[in-house]
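J.: Okay, handing you the structure first.
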Amino acid sequence: MNTTVIQLDNVTVRFRIPHEKIPTFQEYAIRWLKRRSISYTDFNALNNISFSIKQGETVGIIGANGAGKSTLLKVIARVIRPTQGRVFLKGRVAPLLELGAGFDYEMTGRENIFLNGAVLGFSRRDMANRLERIVEFAGIEEFMDAPIRTYSSGMVARLGFAIATDVQPDVLIIDEILSVGDTDFQKKSAARILHYHKNGSTILVVSHNPDSIRNLCSRAMWLAQGSIKMAGPVDVIMDQYSQDSMS
Amino acid sequence: MVEYDSAKSSPAIIDEFVQLIRYRDLVFLMTGNILKNRYKRSMLGIFWMLLNPLLQTIVLTIAFGTMFKSSLSHYAIYLLSGLLVWNFITQTTQYAMGTMAYGGGLLKKIYVPRATYIVAAVGNGMVNFFISIFSLIIIIIFLDHPLGAAWFFIPISILILTIFTFGFSLLLSTASVFFTDTLDIYQVLIQALFFLTPIMYPLSILSPELSQFLAWNPFLILIEMFRTPIYANHLPDTSLIVNAVSLAFTTLLAGWIAFTSKADQLAYRL
């Protein structure tokens, strides 16, 4: 149980923001003719971040808007590669960042299960075996063959959650804890996550809700302006954080 | 156990290929979905794919057929076999650029191999190409055009054509992520190039200087390669085949290197 599952060494993510919008050939040509260089601002969304997480840990990430929380999750979920530094990850990651990424609203629930499964890297055969379980968990049996544009937003989110969490992942990445569906479904999804946690999944949570971080996590990390401001046991960090936001 | 190490991962050129194979089911589903969405909308569906080139051919044959009567006997076949190649290349590349520039939002949300979109666009283009080949067959039967032994070369030329189109799509979509007006510029350029490529007219009507210059037109090389066995019933010149093969593989290599080396920047740019 003591293996390192996630490790970041000096990770920096730099976005380059051009002062003038619209990167077109035309713009470039005009600027080139006018002998004016294009000015950029470099913006470090993450600044020299290093930490490691061991298997089975639950870590909460807190911080104000724009502190770099989502960028951190994206860098771990492999969506963006760090500008500098190294991200190391062991095991299968279930990113609950965008539930139902790649859903095609003209297609039926059934078709979308296969599509979203493929987006998550599962084969067709895998998904065929899981189909029934997913549909049951999402509670959409009667609507399976209707296009999902006819679904309520809650149903779409439930389906996305059911697909993403159908098999136990090694690492679960959760952005803004489970405000998915109605109370019943929220309980059901929380239970599933706790179950995976008990069975050894490592969990990484971003939330603005201090209570859910305290309840779920053993460790917390406080991000401010792209850097780690504080990290340690959840109670210590959360106390400091709430004091800081009061003042 | 799966591992991901942003520092140690194999070169992007290889890694992207490995990932694409791992996500092959996604590629097939995406291709299928593009086609499904397209044809579910209209009852005429596939029929349209047939009708469009047929109508185009009929109209152009009425307009220009008599003009080239002496030099091109079965004008409709000459025209359509060139037109099919032209449409395949231009439609596929435009589609690929469009999906990368406007539909690539998924790449910002979750990891999928970036080339998935391009492969799906080429797959979609191929299916459309095969469907429209039927319109060519209809005209061949209608005109009682002779079948020849050289026809065995057709699948080979389609393969070379596809390799080129894939590479070209990769190059153009990389550019279109960095410069959003790439698609607009491209559309203007191919419009002009269409009339500079002997699709509607025989190469022989051009002045020797101009036709020598046009020998470098990659579209012409690929069109000639596809058209010669069908229209003239003999194999294309060996030098033409060599040119086409080297063109296709150079483009693929250049496109793959450009695309994969910039792939990491896509999520930043889109």
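Ordering of the structure tokens sets the chain letters (A, B, ...); residue numbers start at 1 within each chain; ligands are numbered from 1 in the order shown.
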Could the residues of chain B within 6 Å of chain A, counting only C-alpha atoms, be given as a ChimeraX atom specification, please?

T.: /B:1-7,23,25-26,110-111,179-181

J.: Would you put the residues from that selection into a file with C-alpha atoms, as an mmCIF file, in the first residue's frame?

T.:
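Writing the result to part.cif gives the following:
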data_model
loop_
_atom_site.group_PDB
_atom_site.id
_atom_site.type_symbol
_atom_site.label_atom_id
_atom_site.label_comp_id
_atom_site.auth_asym_id
_atom_site.auth_seq_id
_atom_site.Cartn_x
_atom_site.Cartn_y
_atom_site.Cartn_z
ATOM 1 C CA MET B 1 -0.143 -1.687 -14.997
ATOM 2 C CA VAL B 2 -0.552 1.433 -17.087
ATOM 3 C CA GLU B 3 1.978 4.127 -16.459
ATOM 4 C CA TYR B 4 2.220 7.669 -17.646
ATOM 5 C CA ASP B 5 5.387 9.649 -17.340
ATOM 6 C CA SER B 6 5.308 13.018 -19.030
ATOM 7 C CA ALA B 7 9.095 13.203 -19.075
ATOM 8 C CA TYR B 23 -8.060 3.818 -29.044
ATOM 9 C CA ASP B 25 -12.533 1.535 -31.276
ATOM 10 C CA LEU B 26 -12.947 5.272 -30.794
ATOM 11 C CA ILE B 110 -10.034 14.658 -21.644
ATOM 12 C CA TYR B 111 -7.128 12.749 -23.045
ATOM 13 C CA PHE B 179 -3.787 30.115 -37.755
ATOM 14 C CA THR B 180 -7.541 30.179 -37.704
ATOM 15 C CA ASP B 181 -7.812 31.521 -41.238
#

J.: Region 227-232 of chain A: which residues within 10 Å, counting only C-alpha atoms, same-chain residues fewer than 5 positions away excluded, as a list of chain:residue names?

T.: A:Val11, A:Thr12, A:Asn44, A:Ala45, A:Leu46, A:Asn47, A:Asn48, A:Ile49, A:Ser50, A:Phe51, A:Val59, A:Gly60, A:Ile61, A:Ile62, A:Gly63, A:Ala67, A:Gly68, A:Lys69, A:Ser218, A:Arg219, A:Ala220, A:Met221, A:Trp222, A:Ile237, A:Met238, A:Gln240, A:Tyr241

J.: Determine, counting only C-alpha atoms, which protein, DNA and RNA residues have an atom within 12 Å of an atom of Leu51 (chain B); residues of the same chain fewer than 3 positions away are not included. Present the result as a list of chain:residue names.

T.: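 The contact residues come out as B:Leu44, B:Gly45, B:Ile46, B:Phe47, B:Trp48, B:Leu54, B:Leu55, B:Gln56, B:Thr57, B:Ile58, B:Ile131, B:Ser132, B:Ile133, B:Phe134, B:Ser135, B:Leu136, B:Ile138, B:Ile139.
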
J.: Neighbouring residues of region 237-246 of chain B were defined as those with any atom within 12 Å, considering only C-alpha atoms; residues of the same chain fewer than 6 positions away were excluded. Please report them as number ranges by chain.

T.: B: 150, 153, 156-165, 215-226, 228-229, 252-254

J.: Could you dump the residues just selected with N, CA and C atoms as an mmCIF file, in the first residue's frame?

T.:
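As a result, part.cif now contains:
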data_model
loop_
_atom_site.group_PDB
_atom_site.id
_atom_site.type_symbol
_atom_site.label_atom_id
_atom_site.label_comp_id
_atom_site.auth_asym_id
_atom_site.auth_seq_id
_atom_site.Cartn_x
_atom_site.Cartn_y
_atom_site.Cartn_z
ATOM 1 N N ALA B 150 -5.797 -3.406 -66.836
ATOM 2 C CA ALA B 150 -5.126 -2.377 -66.027
ATOM 3 C C ALA B 150 -5.957 -1.978 -64.811
ATOM 4 N N PHE B 153 -5.061 -2.073 -61.038
ATOM 5 C CA PHE B 153 -4.252 -1.046 -60.398
ATOM 6 C C PHE B 153 -5.098 -0.078 -59.570
ATOM 7 N N ILE B 156 -4.694 -0.066 -55.799
ATOM 8 C CA ILE B 156 -3.374 0.446 -55.427
ATOM 9 C C ILE B 156 -3.373 1.967 -55.474
ATOM 10 N N SER B 157 -3.977 2.524 -56.527
ATOM 11 C CA SER B 157 -3.978 3.984 -56.616
ATOM 12 C C SER B 157 -4.841 4.598 -55.519
ATOM 13 N N ILE B 158 -5.901 3.907 -55.126
ATOM 14 C CA ILE B 158 -6.721 4.429 -54.019
ATOM 15 C C ILE B 158 -5.911 4.440 -52.726
ATOM 16 N N LEU B 159 -5.121 3.394 -52.534
ATOM 17 C CA LEU B 159 -4.292 3.316 -51.335
ATOM 18 C C LEU B 159 -3.292 4.477 -51.288
ATOM 19 N N ILE B 160 -2.614 4.699 -52.404
ATOM 20 C CA ILE B 160 -1.629 5.795 -52.465
ATOM 21 C C ILE B 160 -2.320 7.134 -52.234
ATOM 22 N N LEU B 161 -3.474 7.278 -52.864
ATOM 23 C CA LEU B 161 -4.272 8.494 -52.715
ATOM 24 C C LEU B 161 -4.644 8.738 -51.254
ATOM 25 N N THR B 162 -5.030 7.659 -50.555
ATOM 26 C CA THR B 162 -5.440 7.799 -49.160
ATOM 27 C C THR B 162 -4.257 8.190 -48.279
ATOM 28 N N ILE B 163 -3.105 7.591 -48.543
ATOM 29 C CA ILE B 163 -1.911 7.927 -47.761
ATOM 30 C C ILE B 163 -1.594 9.417 -47.904
ATOM 31 N N PHE B 164 -1.655 9.887 -49.154
ATOM 32 C CA PHE B 164 -1.397 11.316 -49.383
ATOM 33 C C PHE B 164 -2.412 12.179 -48.629
ATOM 34 N N THR B 165 -3.691 11.818 -48.772
ATOM 35 C CA THR B 165 -4.739 12.642 -48.175
ATOM 36 C C THR B 165 -4.617 12.696 -46.656
ATOM 37 N N ALA B 215 3.093 19.774 -64.197
ATOM 38 C CA ALA B 215 3.519 18.421 -63.852
ATOM 39 C C ALA B 215 3.867 18.334 -62.373
ATOM 40 N N TRP B 216 4.132 19.474 -61.753
ATOM 41 C CA TRP B 216 4.474 19.495 -60.327
ATOM 42 C C TRP B 216 3.241 19.585 -59.440
ATOM 43 N N ASN B 217 2.098 19.746 -60.042
ATOM 44 C CA ASN B 217 0.853 19.823 -59.285
ATOM 45 C C ASN B 217 0.541 18.450 -58.681
ATOM 46 N N PRO B 218 0.615 18.326 -57.353
ATOM 47 C CA PRO B 218 0.416 17.011 -56.741
ATOM 48 C C PRO B 218 -0.966 16.431 -57.058
ATOM 49 N N PHE B 219 -1.947 17.296 -57.194
ATOM 50 C CA PHE B 219 -3.293 16.820 -57.499
ATOM 51 C C PHE B 219 -3.316 16.123 -58.861
ATOM 52 N N LEU B 220 -2.588 16.721 -59.806
ATOM 53 C CA LEU B 220 -2.572 16.158 -61.152
ATOM 54 C C LEU B 220 -1.945 14.761 -61.158
ATOM 55 N N ILE B 221 -0.842 14.622 -60.427
ATOM 56 C CA ILE B 221 -0.164 13.320 -60.361
ATOM 57 C C ILE B 221 -1.134 12.250 -59.866
ATOM 58 N N LEU B 222 -1.861 12.573 -58.784
ATOM 59 C CA LEU B 222 -2.753 11.580 -58.185
ATOM 60 C C LEU B 222 -3.967 11.316 -59.069
ATOM 61 N N ILE B 223 -4.451 12.369 -59.724
ATOM 62 C CA ILE B 223 -5.608 12.196 -60.602
ATOM 63 C C ILE B 223 -5.234 11.345 -61.808
ATOM 64 N N GLU B 224 -4.093 11.656 -62.401
ATOM 65 C CA GLU B 224 -3.627 10.870 -63.555
ATOM 66 C C GLU B 224 -3.470 9.396 -63.187
ATOM 67 N N MET B 225 -2.933 9.164 -61.995
ATOM 68 C CA MET B 225 -2.687 7.793 -61.568
ATOM 69 C C MET B 225 -3.995 7.010 -61.434
ATOM 70 N N PHE B 226 -5.034 7.678 -60.941
ATOM 71 C CA PHE B 226 -6.321 7.005 -60.759
ATOM 72 C C PHE B 226 -7.078 6.903 -62.084
ATOM 73 N N THR B 228 -5.936 7.076 -65.381
ATOM 74 C CA THR B 228 -5.387 6.383 -66.549
ATOM 75 C C THR B 228 -5.892 4.944 -66.720
ATOM 76 N N PRO B 229 -5.829 4.108 -65.670
ATOM 77 C CA PRO B 229 -6.324 2.738 -65.880
ATOM 78 C C PRO B 229 -7.798 2.701 -66.253
ATOM 79 N N LEU B 252 2.921 12.116 -45.912
ATOM 80 C CA LEU B 252 2.509 11.455 -44.678
ATOM 81 C C LEU B 252 3.552 11.670 -43.588
ATOM 82 N N LEU B 253 4.809 11.493 -43.941
ATOM 83 C CA LEU B 253 5.878 11.639 -42.960
ATOM 84 C C LEU B 253 5.917 13.073 -42.429
ATOM 85 N N ALA B 254 5.878 14.028 -43.356
ATOM 86 C CA ALA B 254 5.919 15.435 -42.949
ATOM 87 C C ALA B 254 4.714 15.761 -42.069
#

J.: Compile the contact shell of region 77-87 of chain B as a PyMOL selection string: residues with an atom at most 6 Å away, counting only C-alpha atoms, same-chain residues fewer than 3 positions apart removed.

T.: chain B and resi 74+90-91+199-200+223+227+231
